[in-house]
Amino acid sequence: FCTLSVGSAPTPTRMPLLQLLNYIDGRPVASRSTARTEVVDPATGEAYASAPDSGEADVDAAMTAALAAFNSFKRTTPSQRQGFLLKIASAIEAHADELARLECKNCGKPFLLTLDEEIAAAVDQIRFFAGAARQLEGRAAGEYMEGLLSMIVREPVGVCAAVTPWNYPLMMAVWKWAPALAAGNTVVLKPSDTTPVSTLRMAELMGAILPSGVFNVVCGRRETGRLLVEHAVPSLVSITGSVRAGREVAASAAPLLKRVHLELGGKAPVVVFADADLETAAADIAVAAYFNAGQDCTAATRVVVEAAAYETMVALLAREAEQNTKLGSATTMDSEGVLVGPLNSRALGCAQLA
């Protein structure tokens, strides 16, 4: 877009940034912090939204809401929680195109791959955990003390604090809140500061179904995540991130003996023997390596090849990269067969793809 004036050349104007809000106690809420972070579309390199860099007061508000909601949500039946999750799955499915568009603009992902491989998978995962909500079993045993019945009963742990990564923002959020809610817990979640948009939209869809305060989203940087982890309210902390981040979270959670769930980085190897179908192996390895622009803890980043097949395998992998791996740009990310989009941010060495 541009503005025109008489006798002058067109002057580009920057579109107003979408002003994002936290989602607390069932509604969008302005941050009490004045600090903001810009959200950039990796396909264009241009900022399109502004998100809160939330502080202690925001985290307190979210934790207070989650704790108040837990007092009643923990008493819901497995059938009720299953019903909530099934309705959420249907709502996300009904908004699949919208959420895929938001995720692509958030992350620089190819649209068709995101729609088919991530949004559809997230819906299926929510339905899986909806079923699991009715499979929570206890045990009864009489072997501990003579004449007495001993029972083991599964109960929700309380408020769960979650920190999600930038590579699969919506799907990784589902992996955290869906099992937590299925078991009767409530959640305060911080998305990555570079990719909060799809998570916030999902929270709005969930808020139309869940009781207020059951699911809350607080935006921010690393310091906001630290405030979540170290807050007195959550009984469990779950993050997906680096090994360094995992160590820091475990140390921060230790003083209050909080349960921790750490999904950390990986370095996935592929082993190829000489008697394998090398052409098929090369094609599959290329997809495993370049899917989501390689921004994946299970990406095929190492290939160990039997000596007799080494030279052939190198040539086949080079051919896959040069001829068979379709790159996307700002104008082609909706095209059929695009596998690789831009990296998430300049901090990762973002390349311009033509």
# chains A, B, ... in the order shown; residues from 1 in each chain; ligands from 1
>>> select_by_dssp(residues="range 76-249 of chain A", states="strand (DSSP E or B)", output="PyMOL selection string")
chain A and resi 139-141+150-152+159-163+186-190+215-217+236-241
>>> closest_atom_pairs(of="range 120-155 of chain A", to="range 179-200 of chain A", cutoff="7 Å", atoms="only C-alpha atoms", output="CSV")
residue,atom,partner,partner_atom,distance
A:Phe129,CA,A:Pro179,CA,5.8
A:Ala130,CA,A:Ala182,CA,6.3
A:Ala133,CA,A:Ala182,CA,4.8
>>> write_last_selection(atoms="C-alpha atoms", output="PDB file, in the first residue's frame")
ATOM      1  CA  PHE A 129      -6.832 -37.003  24.756  1.00  0.00           C
ATOM      2  CA  ALA A 130     -10.607 -36.625  24.925  1.00  0.00           C
ATOM      3  CA  ALA A 133      -9.923 -38.620  29.775  1.00  0.00           C
TER       4      ALA A 133
END
>>> closest_residue(among="A:Leu343, A:Leu112, A:Ala65, A:Ala47", to="Gln295 in chain A", atoms="only C-alpha atoms")
A:Leu343
>>> residues_around(residues="Ala315 in chain A", least_positions_apart="5", cutoff="10 Å", atoms="only C-alpha atoms", output="list in words")
Ala282, Tyr310 and Glu320 of chain A
>>> write_last_selection(atoms="N, CA, C and O atoms", output="PDB file, in the first residue's frame")
ATOM      1  N   ALA A 282      17.072 -41.701   0.180  1.00  0.00           N
ATOM      2  CA  ALA A 282      17.464 -40.307  -0.023  1.00  0.00           C
ATOM      3  C   ALA A 282      16.240 -39.393  -0.063  1.00  0.00           C
ATOM      4  O   ALA A 282      16.249 -38.305   0.525  1.00  0.00           O
ATOM      5  N   TYR A 310      28.422 -45.020   0.422  1.00  0.00           N
ATOM      6  CA  TYR A 310      28.608 -43.624   0.819  1.00  0.00           C
ATOM      7  C   TYR A 310      28.550 -42.654  -0.364  1.00  0.00           C
ATOM      8  O   TYR A 310      27.787 -41.687  -0.358  1.00  0.00           O
ATOM      9  N   GLU A 320      18.527 -34.579  -4.350  1.00  0.00           N
ATOM     10  CA  GLU A 320      17.269 -34.252  -3.673  1.00  0.00           C
ATOM     11  C   GLU A 320      17.230 -32.774  -3.290  1.00  0.00           C
ATOM     12  O   GLU A 320      16.216 -32.091  -3.453  1.00  0.00           O
TER      13      GLU A 320
END
>>> residues_around(residues="Arg259 in chain A", least_positions_apart="6", cutoff="9 Å", atoms="only C-alpha atoms", output="MDAnalysis selection string")
chainID A and resid 235:238 250 253
>>> residues_around(residues="Arg75 in chain A", least_positions_apart="4", cutoff="10 Å", atoms="only C-alpha atoms", output="list in words")
Phe70, Asn71, Gln80, Glu155, Pro156, Gly184 and Asn185 of chain A
>>> write_last_selection(atoms="N, CA and C atoms", output="PDB file, in the first residue's frame")
ATOM      1  N   PHE A  70      -9.460 -24.016  38.901  1.00  0.00           N
ATOM      2  CA  PHE A  70      -9.110 -25.395  39.263  1.00  0.00           C
ATOM      3  C   PHE A  70      -9.992 -25.918  40.389  1.00  0.00           C
ATOM      4  N   ASN A  71     -10.362 -25.062  41.316  1.00  0.00           N
ATOM      5  CA  ASN A  71     -11.146 -25.509  42.465  1.00  0.00           C
ATOM      6  C   ASN A  71     -12.465 -26.153  42.057  1.00  0.00           C
ATOM      7  N   GLN A  80     -17.475 -35.100  31.313  1.00  0.00           N
ATOM      8  CA  GLN A  80     -17.576 -33.661  31.058  1.00  0.00           C
ATOM      9  C   GLN A  80     -16.319 -33.131  30.374  1.00  0.00           C
ATOM     10  N   GLU A 155      -5.513 -38.228  40.684  1.00  0.00           N
ATOM     11  CA  GLU A 155      -6.122 -36.923  40.871  1.00  0.00           C
ATOM     12  C   GLU A 155      -5.358 -35.872  40.070  1.00  0.00           C
ATOM     13  N   PRO A 156      -6.018 -34.807  39.633  1.00  0.00           N
ATOM     14  CA  PRO A 156      -5.295 -33.732  38.944  1.00  0.00           C
ATOM     15  C   PRO A 156      -4.286 -33.079  39.882  1.00  0.00           C
ATOM     16  N   GLY A 184      -8.116 -32.938  34.328  1.00  0.00           N
ATOM     17  CA  GLY A 184      -8.772 -32.077  35.301  1.00  0.00           C
ATOM     18  C   GLY A 184      -7.933 -30.929  35.818  1.00  0.00           C
ATOM     19  N   ASN A 185      -6.813 -30.638  35.162  1.00  0.00           N
ATOM     20  CA  ASN A 185      -5.961 -29.520  35.560  1.00  0.00           C
ATOM     21  C   ASN A 185      -6.358 -28.250  34.811  1.00  0.00           C
TER      22      ASN A 185
END
>>> residues_around(residues="Gly225 in chain A", least_positions_apart="6", cutoff="12 Å", atoms="only C-alpha atoms", output="PDB file with C-alpha atoms, in the first residue's frame")
ATOM      1  CA  ASP A  53       5.989  -8.503  27.026  1.00  0.00           C
ATOM      2  CA  SER A  54       4.129  -9.498  30.165  1.00  0.00           C
ATOM      3  CA  GLY A  55       5.402  -8.889  33.668  1.00  0.00           C
ATOM      4  CA  GLU A  56       4.792 -10.150  37.174  1.00  0.00           C
ATOM      5  CA  ASP A  58       0.133 -10.332  34.321  1.00  0.00           C
ATOM      6  CA  VAL A  59       1.467 -13.690  35.440  1.00  0.00           C
ATOM      7  CA  ALA A 161       2.542 -23.768  33.691  1.00  0.00           C
ATOM      8  CA  ALA A 162       3.570 -24.382  30.081  1.00  0.00           C
ATOM      9  CA  VAL A 163       6.103 -22.754  27.767  1.00  0.00           C
ATOM     10  CA  THR A 164       5.884 -23.615  24.075  1.00  0.00           C
ATOM     11  CA  PRO A 165       8.394 -23.203  21.211  1.00  0.00           C
ATOM     12  CA  VAL A 188      -1.285 -20.965  32.096  1.00  0.00           C
ATOM     13  CA  LEU A 189       0.705 -21.054  28.851  1.00  0.00           C
ATOM     14  CA  LYS A 190       3.367 -18.752  27.437  1.00  0.00           C
ATOM     15  CA  PRO A 191       3.935 -19.063  23.680  1.00  0.00           C
ATOM     16  CA  SER A 192       7.215 -18.062  22.080  1.00  0.00           C
ATOM     17  CA  ASP A 193       7.552 -14.290  21.778  1.00  0.00           C
ATOM     18  CA  VAL A 217      -2.260 -17.378  27.656  1.00  0.00           C
ATOM     19  CA  VAL A 218       0.362 -14.854  28.747  1.00  0.00           C
ATOM     20  CA  CYS A 219       2.706 -13.468  26.078  1.00  0.00           C
ATOM     21  CA  HIS A 231       5.514 -18.668  40.565  1.00  0.00           C
ATOM     22  CA  VAL A 237       5.915 -27.004  34.779  1.00  0.00           C
ATOM     23  CA  SER A 238       6.208 -28.178  31.174  1.00  0.00           C
ATOM     24  CA  ILE A 239       8.466 -26.703  28.507  1.00  0.00           C
ATOM     25  CA  THR A 240       9.622 -27.542  25.023  1.00  0.00           C
ATOM     26  CA  GLY A 241      12.979 -25.937  24.367  1.00  0.00           C
ATOM     27  CA  ALA A 245      16.414 -23.996  29.028  1.00  0.00           C
ATOM     28  CA  GLY A 246      15.546 -27.391  30.465  1.00  0.00           C
ATOM     29  CA  GLU A 248      17.257 -23.679  34.045  1.00  0.00           C
ATOM     30  CA  VAL A 249      13.611 -24.724  34.423  1.00  0.00           C
ATOM     31  CA  SER A 252      13.916 -23.034  39.134  1.00  0.00           C
TER      32      SER A 252
END
>>> closest_residue(among="A:Leu115, A:Met206, A:Ala62, A:Ala141", to="Leu85 in chain A", atoms="only C-alpha atoms")
A:Met206
>>> select_by_dssp(residues="range 28-250 of chain A", states="helix (DSSP H, G or I)", output="PyMOL selection string")
chain A and resi 56-73+78-94+96-107+111-132+169-182+197-207+222-230+243-250
>>> closest_residue(among="A:Leu99, A:Ala49, A:Cys160, A:Val40", to="Pro16 in chain A", atoms="only C-alpha atoms")
A:Ala49
>>> closest_residue(among="A:Leu317, A:Trp166, A:Ala96, A:Ala132", to="Asp116 in chain A", atoms="only C-alpha atoms")
A:Ala96
>>> atom_distance(atom1="CA of Pro52 in chain A", atom2="CA of Arg36 in chain A")
4.6 Å
>>> atom_distance(atom1="CA of Asp41 in chain A", atom2="CA of Leu170 in chain A")
16.1 Å
>>> atom_distance(atom1="CA of Cys107 in chain A", atom2="CA of Asn344 in chain A")
5.4 Å
>>> residues_around(residues="Pro211 in chain A", least_positions_apart="3", cutoff="9 Å", atoms="only C-alpha atoms", output="compact mmCIF listing (two decimals) with C-alpha atoms, in the first residue's frame")
# COMPACT_ATOMS: atom_id res chain seq x y z
CA ASP A 25 -9.96 -15.72 32.81
CA GLY A 26 -11.95 -16.31 29.65
CA ALA A 69 -10.94 -22.28 38.06
CA PHE A 73 -12.70 -27.88 37.27
CA GLY A 207 -12.79 -19.77 25.78
CA ALA A 208 -16.20 -20.08 24.13
CA VAL A 214 -9.28 -23.03 32.78
CA PHE A 215 -6.96 -21.99 29.92
>>> closest_residue(among="A:Leu113, A:Leu148, A:Ala30, A:Ala173", to="Glu336 in chain A", atoms="only C-alpha atoms")
A:Leu113
>>> closest_residue(among="A:Leu67, A:Val123, A:Ala89, A:Gly220", to="Leu21 in chain A", atoms="only C-alpha atoms")
A:Gly220
